[in-house]
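final.cif follows; it contains mmCIF, C-alpha atoms and all ligand atoms.
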```cif
data_target
loop_
_atom_site.label_atom_id
_atom_site.label_comp_id
_atom_site.auth_asym_id
_atom_site.auth_seq_id
_atom_site.Cartn_x
_atom_site.Cartn_y
_atom_site.Cartn_z
CA MET A 25 7.36 88.64 48.38
CA ASP A 26 6.31 89.88 45.00
CA VAL A 27 4.70 87.42 42.64
CA ILE A 28 4.44 88.30 38.97
CA LEU A 29 2.00 86.88 36.49
CA THR A 30 1.38 87.84 32.92
CA GLY A 31 0.51 86.23 29.63
CA ASP A 32 -0.26 86.42 25.95
CA ARG A 33 -2.90 84.97 23.69
CA PRO A 34 -1.32 82.56 21.22
CA THR A 35 -2.99 83.89 18.09
CA GLY A 36 0.21 84.71 16.23
CA ARG A 37 3.93 85.10 16.55
CA LEU A 38 5.06 87.89 18.84
CA HIS A 39 6.24 91.16 17.34
CA LEU A 40 8.25 94.22 18.21
CA GLY A 41 5.24 95.77 19.98
CA HIS A 42 5.11 92.81 22.38
CA TYR A 43 8.86 92.97 22.76
CA VAL A 44 9.19 96.60 23.86
CA GLY A 45 5.78 96.66 25.55
CA SER A 46 6.34 93.69 27.82
CA LEU A 47 8.76 90.91 26.88
CA LYS A 48 11.92 92.90 27.44
CA ARG A 49 10.72 94.01 30.84
CA ARG A 50 9.78 90.49 31.86
CA VAL A 51 13.24 89.26 31.07
CA GLU A 52 14.78 92.10 33.10
CA MET A 53 12.48 91.30 36.01
CA GLN A 54 13.37 87.64 35.77
CA ASN A 55 17.08 88.33 35.75
CA SER A 56 16.95 90.87 38.57
CA GLY A 57 16.33 88.00 40.99
CA LYS A 58 14.11 90.35 43.01
CA TYR A 59 10.89 88.44 42.61
CA HIS A 60 9.69 85.48 44.57
CA ASN A 61 7.96 83.83 41.64
CA ILE A 62 7.31 84.70 38.02
CA TYR A 63 4.56 83.07 35.99
CA VAL A 64 4.15 83.59 32.27
CA MET A 65 1.05 82.06 30.77
CA ILE A 66 0.20 81.16 27.21
CA ALA A 67 -3.48 82.12 27.30
CA ASP A 68 -4.86 79.59 24.85
CA ALA A 69 -8.24 79.27 26.57
CA GLN A 70 -8.67 83.03 26.38
CA ALA A 71 -7.61 82.99 22.72
CA LEU A 72 -10.39 80.47 22.06
CA THR A 73 -13.04 82.88 23.34
CA ASP A 74 -13.03 84.49 19.91
CA ASN A 75 -11.41 81.71 17.88
CA ALA A 76 -13.58 78.71 18.67
CA ASP A 77 -13.84 78.01 14.94
CA ASP A 78 -10.10 78.18 14.42
CA ILE A 79 -8.52 75.81 16.93
CA ASN A 80 -5.52 75.25 14.68
CA LYS A 81 -4.51 78.88 14.80
CA VAL A 82 -4.32 78.72 18.58
CA ARG A 83 -2.79 75.22 18.67
CA ASN A 84 -0.04 76.05 16.20
CA ASN A 85 0.92 79.23 17.93
CA ILE A 86 1.60 77.67 21.34
CA SER A 87 5.13 76.66 20.38
CA GLU A 88 5.66 79.84 18.34
CA VAL A 89 4.93 81.99 21.38
CA ALA A 90 7.02 79.74 23.64
CA LEU A 91 9.92 80.07 21.17
CA ASP A 92 9.52 83.84 21.13
CA TYR A 93 9.57 83.88 24.94
CA MET A 94 12.65 81.76 25.30
CA ALA A 95 14.47 83.46 22.43
CA CYS A 96 14.03 86.78 24.25
CA GLY A 97 15.56 85.30 27.37
CA LEU A 98 12.70 83.94 29.46
CA ASP A 99 14.25 80.93 31.12
CA PRO A 100 12.02 78.05 32.23
CA LYS A 101 14.43 77.42 35.10
CA LYS A 102 13.65 80.84 36.54
CA THR A 103 10.16 81.55 35.20
CA THR A 104 7.20 79.18 35.25
CA ILE A 105 6.00 79.17 31.67
CA PHE A 106 2.69 77.33 31.33
CA ILE A 107 -0.38 76.77 29.18
CA GLN A 108 -3.68 78.10 30.51
CA SER A 109 -5.93 75.25 29.33
CA GLN A 110 -3.84 72.73 31.24
CA ILE A 111 -4.88 74.25 34.57
CA PRO A 112 -8.53 73.22 35.06
CA GLU A 113 -8.58 74.91 38.47
CA LEU A 114 -8.75 78.22 36.61
CA CYS A 115 -12.20 77.29 35.24
CA GLU A 116 -13.42 76.38 38.67
CA LEU A 117 -12.31 79.68 40.13
CA SER A 118 -14.04 81.51 37.28
CA PHE A 119 -17.27 79.69 38.00
CA TYR A 120 -17.36 81.07 41.53
CA TYR A 121 -16.13 84.54 40.57
CA MET A 122 -18.92 84.84 38.01
CA ASN A 123 -21.34 85.25 40.89
CA LEU A 124 -19.46 88.32 42.08
CA VAL A 125 -19.73 90.28 38.82
CA THR A 126 -22.80 91.77 37.18
CA VAL A 127 -23.61 91.73 33.49
CA SER A 128 -23.73 95.51 33.43
CA ARG A 129 -20.27 95.71 34.98
CA LEU A 130 -18.88 93.57 32.16
CA GLN A 131 -20.73 95.64 29.60
CA ARG A 132 -18.98 98.74 30.91
CA ASN A 133 -15.48 97.25 30.57
CA PRO A 134 -13.86 99.58 27.99
CA THR A 135 -11.47 96.95 26.62
CA VAL A 136 -14.25 94.41 26.09
CA LYS A 137 -16.44 97.12 24.52
CA ASN A 138 -13.68 98.10 22.14
CA GLU A 139 -12.85 94.51 21.22
CA ILE A 140 -16.52 93.69 20.58
CA GLN A 141 -16.58 96.56 18.10
CA LEU A 142 -13.27 95.61 16.50
CA ARG A 143 -14.42 92.03 15.99
CA GLY A 144 -17.81 93.11 14.66
CA PHE A 145 -19.70 90.80 17.02
CA LYS A 146 -22.73 93.12 17.22
CA GLN A 147 -25.43 90.99 18.91
CA SER A 148 -23.52 87.71 18.55
CA ILE A 149 -21.02 88.01 21.36
CA PRO A 150 -19.81 84.60 22.57
CA VAL A 151 -20.54 84.31 26.30
CA GLY A 152 -16.98 83.10 26.86
CA PHE A 153 -15.61 86.22 25.22
CA PHE A 154 -17.91 88.49 27.18
CA THR A 155 -16.78 86.95 30.46
CA TYR A 156 -13.05 86.71 29.75
CA PRO A 157 -12.25 89.49 32.25
CA ILE A 158 -13.52 87.09 34.93
CA SER A 159 -11.35 84.28 33.65
CA GLN A 160 -8.42 86.67 33.62
CA ALA A 161 -9.09 87.41 37.29
CA SER A 162 -8.78 83.67 37.90
CA ASP A 163 -5.44 83.56 36.06
CA ILE A 164 -4.12 86.28 38.31
CA THR A 165 -5.57 85.25 41.64
CA ALA A 166 -4.82 81.53 41.29
CA PHE A 167 -1.15 82.40 41.69
CA LYS A 168 -1.72 85.16 44.26
CA ALA A 169 0.14 87.43 41.87
CA ASN A 170 0.40 91.03 43.05
CA LEU A 171 2.28 92.50 40.07
CA ILE A 172 0.90 92.19 36.56
CA PRO A 173 3.12 93.59 33.77
CA VAL A 174 0.75 94.51 30.94
CA GLY A 175 0.08 97.10 28.29
CA GLU A 176 -2.26 100.00 28.94
CA ASP A 177 -5.16 98.30 27.19
CA GLN A 178 -5.22 95.70 29.96
CA LEU A 179 -5.84 98.18 32.80
CA PRO A 180 -9.61 97.55 32.84
CA MET A 181 -8.89 93.81 33.24
CA ILE A 182 -6.71 94.42 36.27
CA GLU A 183 -9.34 96.74 37.74
CA GLN A 184 -11.96 94.04 37.25
CA ALA A 185 -9.71 91.51 39.00
CA ARG A 186 -9.19 93.91 41.91
CA GLU A 187 -12.94 94.30 42.32
CA ILE A 188 -13.43 90.54 42.35
CA VAL A 189 -10.70 90.15 44.96
CA ARG A 190 -12.26 92.79 47.17
CA SER A 191 -15.74 91.27 46.87
CA PHE A 192 -14.45 87.80 47.58
CA ASN A 193 -12.32 88.82 50.54
CA THR A 194 -15.15 90.86 52.08
CA LEU A 195 -17.87 88.33 51.46
CA TYR A 196 -15.96 85.22 52.56
CA LYS A 197 -12.46 85.38 53.95
CA LYS A 198 -9.30 87.19 53.03
CA VAL A 199 -7.51 84.65 50.86
CA LEU A 200 -7.04 86.50 47.57
CA VAL A 201 -4.37 89.07 46.76
CA GLU A 202 -5.23 92.37 45.07
CA PRO A 203 -3.11 92.78 41.93
CA THR A 204 -1.48 95.94 40.59
CA ALA A 205 -0.69 96.57 36.93
CA VAL A 206 2.93 97.31 36.03
CA LEU A 207 3.06 99.46 32.89
CA PRO A 208 6.11 99.84 30.62
CA GLU A 209 8.49 102.51 31.97
CA ASN A 210 9.01 104.27 28.69
CA SER A 211 5.70 105.66 27.45
CA TYR A 212 6.80 105.15 23.81
CA CYS A 213 6.86 101.47 24.59
CA SER A 214 3.31 101.19 25.95
CA ARG A 215 1.93 101.15 22.49
CA LEU A 216 4.31 100.89 19.59
CA PRO A 217 2.61 102.18 16.43
CA GLY A 218 2.45 100.04 13.29
CA LEU A 219 4.87 100.39 10.38
CA ASP A 220 2.06 102.23 8.58
CA GLY A 221 1.64 104.73 11.42
CA ALA A 222 -1.57 103.07 12.69
CA ALA A 223 -2.06 103.40 16.44
CA LYS A 224 -1.01 99.85 17.14
CA MET A 225 1.25 97.17 15.74
CA SER A 226 -1.17 94.37 15.12
CA LYS A 227 -1.13 91.17 13.15
CA SER A 228 -4.57 91.79 11.68
CA LEU A 229 -3.37 95.13 10.27
CA GLY A 230 -0.28 93.54 8.70
CA ASN A 231 1.96 96.29 10.04
CA CYS A 232 4.34 94.32 12.25
CA ILE A 233 7.97 93.39 12.52
CA TYR A 234 8.05 89.90 14.02
CA LEU A 235 10.76 88.64 16.34
CA ALA A 236 11.26 85.78 13.90
CA ASP A 237 11.61 88.03 10.81
CA SER A 238 14.75 87.59 8.69
CA ALA A 239 17.32 90.39 8.44
CA ASN A 240 16.13 91.06 4.93
CA ASP A 241 12.45 91.27 5.95
CA ILE A 242 13.30 93.74 8.69
CA LYS A 243 15.25 95.90 6.26
CA LYS A 244 12.44 95.91 3.70
CA LYS A 245 9.84 96.66 6.34
CA VAL A 246 11.83 99.58 7.74
CA GLN A 247 12.35 100.98 4.25
CA SER A 248 8.60 100.86 3.62
CA MET A 249 7.67 102.64 6.85
CA PHE A 250 5.30 105.57 6.90
CA THR A 251 7.01 108.85 7.78
CA ASP A 252 6.06 112.51 7.60
CA PRO A 253 3.92 112.91 4.46
CA THR A 254 4.76 116.64 4.26
CA HIS A 255 8.50 115.92 4.15
CA LEU A 256 8.71 115.70 0.37
CA HIS A 257 12.24 116.98 -0.24
CA VAL A 258 15.29 116.46 1.91
CA GLU A 259 15.54 120.19 2.58
CA ASP A 260 11.91 120.47 3.76
CA PRO A 261 11.41 120.73 7.53
CA GLY A 262 10.15 117.40 8.88
CA HIS A 263 7.78 116.45 11.66
CA ILE A 264 8.61 113.91 14.30
CA GLU A 265 5.11 113.80 15.81
CA ASN A 266 3.07 110.84 14.55
CA ASN A 267 6.12 109.76 12.61
CA PRO A 268 6.60 106.10 13.54
CA VAL A 269 10.27 106.10 12.51
CA PHE A 270 10.97 108.55 15.32
CA THR A 271 8.64 106.76 17.73
CA TYR A 272 10.64 103.57 17.14
CA LEU A 273 13.85 105.50 17.72
CA ASP A 274 12.39 106.83 20.97
CA ALA A 275 11.72 103.25 21.99
CA PHE A 276 14.98 101.63 20.86
CA CYS A 277 17.74 104.17 20.33
CA ARG A 278 20.51 104.68 22.88
CA ASP A 279 23.35 107.18 22.66
CA GLU A 280 25.92 104.47 21.89
CA HIS A 281 24.01 103.62 18.71
CA PHE A 282 25.17 106.95 17.28
CA GLN A 283 28.85 106.16 17.78
CA ALA A 284 28.30 102.76 16.20
CA PHE A 285 26.01 103.61 13.28
CA LEU A 286 25.64 107.38 12.80
CA PRO A 287 28.63 109.23 14.30
CA ALA A 288 27.65 112.60 12.78
CA TYR A 289 25.26 113.01 15.74
CA GLN A 290 25.72 112.57 19.47
CA ASN A 291 22.19 111.72 20.47
CA LEU A 292 18.56 111.49 19.38
CA ASP A 293 17.79 115.11 20.25
CA GLU A 294 20.38 116.28 17.70
CA LEU A 295 18.99 113.98 15.05
CA LYS A 296 15.44 115.15 15.72
CA ALA A 297 16.48 118.80 15.61
CA HIS A 298 18.13 118.32 12.21
CA TYR A 299 15.07 116.54 10.82
CA GLN A 300 12.78 119.31 12.06
CA ARG A 301 15.07 122.01 10.65
CA GLY A 302 15.18 120.34 7.26
CA GLY A 303 18.08 118.86 5.35
CA LEU A 304 17.88 115.34 6.74
CA GLY A 305 16.42 112.67 4.46
CA ASP A 306 14.10 109.89 5.60
CA GLY A 307 16.44 107.37 3.99
CA THR A 308 19.25 108.25 6.41
CA VAL A 309 16.99 108.01 9.43
CA LYS A 310 15.51 104.70 8.28
CA LYS A 311 18.96 103.29 7.62
CA PHE A 312 19.93 104.17 11.17
CA LEU A 313 16.76 102.64 12.59
CA ASN A 314 17.38 99.50 10.55
CA GLU A 315 20.89 99.14 12.04
CA ILE A 316 19.50 99.49 15.55
CA LEU A 317 16.73 96.95 15.00
CA GLN A 318 19.05 94.48 13.29
CA ASN A 319 21.42 94.78 16.22
CA GLU A 320 18.62 94.16 18.74
CA LEU A 321 16.84 91.36 16.89
CA LYS A 322 19.76 89.33 15.51
CA PRO A 323 20.61 87.52 18.76
CA ILE A 324 16.91 86.84 19.39
CA ARG A 325 16.42 85.40 15.91
CA GLU A 326 19.52 83.25 16.18
CA ARG A 327 18.49 81.87 19.56
CA ARG A 328 15.01 81.23 18.19
CA GLU A 329 16.37 79.25 15.24
CA GLU A 330 18.49 77.18 17.59
CA LEU A 331 15.56 76.46 19.96
CA ALA A 332 13.24 75.63 17.06
CA LYS A 333 15.41 72.64 16.20
CA ASP A 334 13.96 70.80 19.19
CA ILE A 335 10.23 71.50 19.54
CA GLY A 336 9.92 68.37 21.68
CA GLU A 337 12.08 70.03 24.29
CA ILE A 338 9.94 73.18 24.16
CA PHE A 339 6.80 71.15 24.88
CA ALA A 340 8.61 69.23 27.62
CA GLN A 341 9.40 72.56 29.30
CA LEU A 342 5.80 73.73 28.91
CA LYS A 343 4.55 70.49 30.42
CA LYS A 344 6.82 70.84 33.42
CA GLY A 345 5.79 74.49 33.83
CA SER A 346 2.11 73.59 33.58
CA GLU A 347 2.46 70.85 36.20
CA ASN A 348 4.15 73.24 38.60
CA ALA A 349 1.59 75.97 37.95
CA ARG A 350 -1.24 73.52 38.52
CA LYS A 351 -0.03 72.69 42.01
CA VAL A 352 -0.13 76.35 42.98
CA ALA A 353 -3.57 76.91 41.45
CA ALA A 354 -4.93 73.81 43.20
CA GLN A 355 -3.76 75.10 46.57
CA THR A 356 -5.49 78.45 45.96
CA LEU A 357 -8.67 76.74 44.85
CA HIS A 358 -8.59 74.68 48.03
CA GLU A 359 -8.34 77.86 50.10
CA VAL A 360 -11.09 79.51 48.05
CA LYS A 361 -13.50 76.64 48.59
CA GLY A 362 -12.59 76.59 52.25
CA ALA A 363 -13.28 80.31 52.57
CA MET A 364 -16.64 79.87 50.86
CA GLY A 365 -17.51 76.90 53.04
CA ILE A 366 -17.97 74.45 50.18
CA ASP A 367 -15.21 72.04 51.15
CA TYR A 368 -17.87 69.74 52.66
CA PHE A 369 -15.84 66.62 53.15
CA GLY A 370 -13.03 68.36 54.95
CA ASP A 371 -15.35 70.41 57.17
CA SER A 372 -15.84 68.86 60.60
CA SER A 373 -18.48 71.43 61.60
CA LEU A 374 -20.90 69.71 59.23
CA LEU A 375 -20.67 66.34 60.97
N1 LIG A 401 -5.55 89.49 27.99
C1 LIG A 401 -4.12 89.41 27.86
C2 LIG A 401 -3.78 89.89 26.44
O1 LIG A 401 -4.62 89.86 25.57
C3 LIG A 401 -3.57 88.02 28.05
C4 LIG A 401 -3.81 87.51 29.45
C5 LIG A 401 -4.62 86.47 29.79
C6 LIG A 401 -3.25 88.02 30.64
N2 LIG A 401 -4.62 86.30 31.13
C7 LIG A 401 -3.78 87.22 31.68
C8 LIG A 401 -2.37 89.07 30.93
C9 LIG A 401 -3.45 87.46 33.02
C10 LIG A 401 -2.06 89.31 32.29
C11 LIG A 401 -2.60 88.53 33.30
O2 LIG A 401 -2.66 90.28 26.22
#
```
This structure in structure tokens:
Amino acid sequence: MDVILTGDRPTGRLHLGHYVGSLKRRVEMQNSGKYHNIYVMIADAQALTDNADDINKVRNNISEVALDYMACGLDPKKTTIFIQSQIPELCELSFYYMNLVTVSRLQRNPTVKNEIQLRGFKQSIPVGFFTYPISQASDITAFKANLIPVGEDQLPMIEQAREIVRSFNTLYKKVLVEPTAVLPENSYCSRLPGLDGAAKMSKSLGNCIYLADSANDIKKKVQSMFTDPTHLHVEDPGHIENNPVFTYLDAFCRDEHFQAFLPAYQNLDELKAHYQRGGLGDGTVKKFLNEILQNELKPIRERREELAKDIGEIFAQLKKGSENARKVAAQTLHEVKGAMGIDYFGDSSLL
């Protein structure tokens, strides 16, 4: 009985990196019918740990992220889509888990370390931010999720959750489930580079293609992509390493795209070989990539536009999802307090 839980911080619209890195996989998992329960959480409380002064950013992106989810095919009838802050039980769990984690253990968390640097917190790290790995363990364990589809950067969070589960189960009683991370299958998808060739597609770097982008925006963005800077003339040999145009092709291109959009080649290996040999211009490769991306994103954009006509309905779905999620979290919290022996009024041994 596999239970899946995953989530995103609502700090912006979702982009192609989210799509290949996790969204696409979630939809496949949902539609496979193989999983007992799937929970997808909009992690607004976690987003606030470094956006306390910008509530509106988080608030306004709740429906944007929900639209992105549903446009990609997440279906509230099959997947419980909910909002983190609406489940107060998660805070309660965190409060107890905090006693199972040391400050030095949090300081060693490589993702937190890296994010502290990126955000330039220096000595002014919000306590909530510093402890978000603990809150993430609550998100996971509240639903007894065993499979957590995430990007590579989240591995330290899953490890932290596993440690908390082991401590809790050893110290009290075995009620929590140890989670396992599920990484994207295709390694090109784990971390899609930015349009500018930067290591990551990220809103703050302004190097993203968003799921909501218009056809024209996508085209312009693909045309402006960084490629091989040594490939000055068409006849020059080109490099495919660290060339994001080819990384995107690795992530998105299938053989049938050649028949449809570039019949002079059979497959990506042939295209790569020609580029490396020389004689293949970046314009041709970008045009091909644009066709592939347009083809992939058009149905998503159209569904998104349709769904966006009724935001009330989106919030109604999120409310229903949150209510359902809350029931599950409350049951786990009940078991947790029982295991710890702090369910005083239901404990006859105290009378
Ligand atoms: N930290 C995750 C991110 O930044 C979001 C998240 C919050 C999450 N809670 C989670 C992911 C629980 C998986 C499981 O993308």
Handout entry: Residue nearest ligand LIG 401 (chain A) - candidates A:Lys245, A:Lys146, A:Lys168, A:Lys310, atoms counted: only C-alpha atoms and all ligand atoms
Key =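 Looking at the shortest contact to ligand LIG 401 (chain A), the residue is A:Lys168.
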Exercise for the section: Rank nothing, just name the residue among A:Ile164, A:Leu304, A:Leu295, A:Ile149 nearest to ligand LIG 401 (chain A), using only C-alpha atoms and all ligand atoms. Expected result: A:Ile164
Handout entry: Nearby polymer residues, ligand LIG 401 (chain A), at most 6 Å, all atoms listed in the file, as a ChimeraX atom specification
Key = /A:29-33,67,160,163-164,172
Practice task
For CA of Pro268 (chain A) and CA of Thr251 (chain A), quote the distance in Å rounded to one decimal.
Solution key: 6.4 Å
Handout entry: Nearby residues, (6.8, 113.8, 12.1) file frame, 9 Å, all atoms listed in the file, as a list in words
Key = Thr251, Asp252, Pro253, Thr254, His255, Gly262, His263, Ile264, Glu265, Asn266, Asn267, Pro268, Val269, Phe270, Tyr299 and Gln300 of chain A
Practice task
Would you mind telling me which residue in A:Pro150, A:Asn170, A:Lys243, A:Asn348 lies nearest to Ala76 (chain A) when using all atoms listed in the file?
Solution key: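 Among the listed residues, A:Pro150 lies closest to Ala76 (chain A).
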Could you build a table of the residues in region 265-368 of chain A lying no more than 12 Å from region 221-241 of chain A, giving for each the nearest pair of atoms and their separation in Å rounded to one decimal place, using all atoms listed in the file, ordered by chain and ascending residue number, as a tab-separated table?
```
residue	atom	partner	partner_atom	distance
A:Glu265	CA	A:Gly221	CA	10.7
A:Asn266	CA	A:Gly221	CA	7.0
A:Asn267	CA	A:Gly221	CA	6.8
A:Pro268	CA	A:Gly221	CA	5.6
A:Val269	CA	A:Gly221	CA	8.8
A:Phe270	CA	A:Gly221	CA	10.8
A:Thr271	CA	A:Gly221	CA	9.6
A:Tyr272	CA	A:Gly221	CA	10.7
A:Asn314	CA	A:Ala239	CA	9.4
A:Glu315	CA	A:Ala239	CA	10.1
A:Ile316	CA	A:Ala239	CA	11.8
A:Leu317	CA	A:Ala239	CA	9.3
A:Gln318	CA	A:Ala239	CA	6.6
A:Asn319	CA	A:Ala239	CA	9.8
A:Glu320	CA	A:Leu235	CA	9.9
A:Leu321	CA	A:Leu235	CA	6.7
A:Lys322	CA	A:Ala239	CA	7.6
A:Pro323	CA	A:Leu235	CA	10.2
A:Ile324	CA	A:Leu235	CA	7.1
A:Arg325	CA	A:Ala236	CA	5.6
A:Glu326	CA	A:Ala236	CA	8.9
A:Arg327	CA	A:Ala236	CA	10.0
A:Arg328	CA	A:Ala236	CA	7.3
A:Glu329	CA	A:Ala236	CA	8.4
A:Glu330	CA	A:Ala236	CA	11.8
A:Leu331	CA	A:Ala236	CA	11.9
A:Ala332	CA	A:Ala236	CA	10.8
```
Handout entry: Point-to-point distance from CA of Asn61 (chain A) to CA of Leu171 (chain A), Å rounded to tenths
Key =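 So the answer is 10.5 Å.
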Handout entry: 10 Å contact set for Glu139 (chain A), only C-alpha atoms, chain neighbours under 6 positions out, as a VMD selection string
Key = chain A and resid 145 153 to 154
Practice task
Figure out the distance between CA of Thr204 (chain A) and CA of Ser162 (chain A), please, to one decimal in Å.
Solution key: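 Computed distance, CA of Ser162 (chain A) to CA of Thr204 (chain A), equals 14.5 Å.
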Exercise for the section: Fewer than 6 positions away in the same chain doesn't count, so skip those; otherwise give me all residues within 9 Å of Tyr156 (chain A), counting only C-alpha atoms, as a list in words. Expected result: Gln70, Thr73, Val136 and Met181 of chain A
Practice task
Could you give me, as a PyMOL selection string, the residues within 6 Å of region 186-197 of chain A, counting only C-alpha atoms and dropping anything in the same chain fewer than 5 positions from it?
Solution key: chain A and resi 202+363-364
Exercise for the section: Have a look at A:Asn133, A:Val82, A:Ser46, A:Leu357 and name the one nearest to Ile182 (chain A); count all atoms listed in the file. Expected result: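 So, comparing all the options, the nearest one is A:Asn133.
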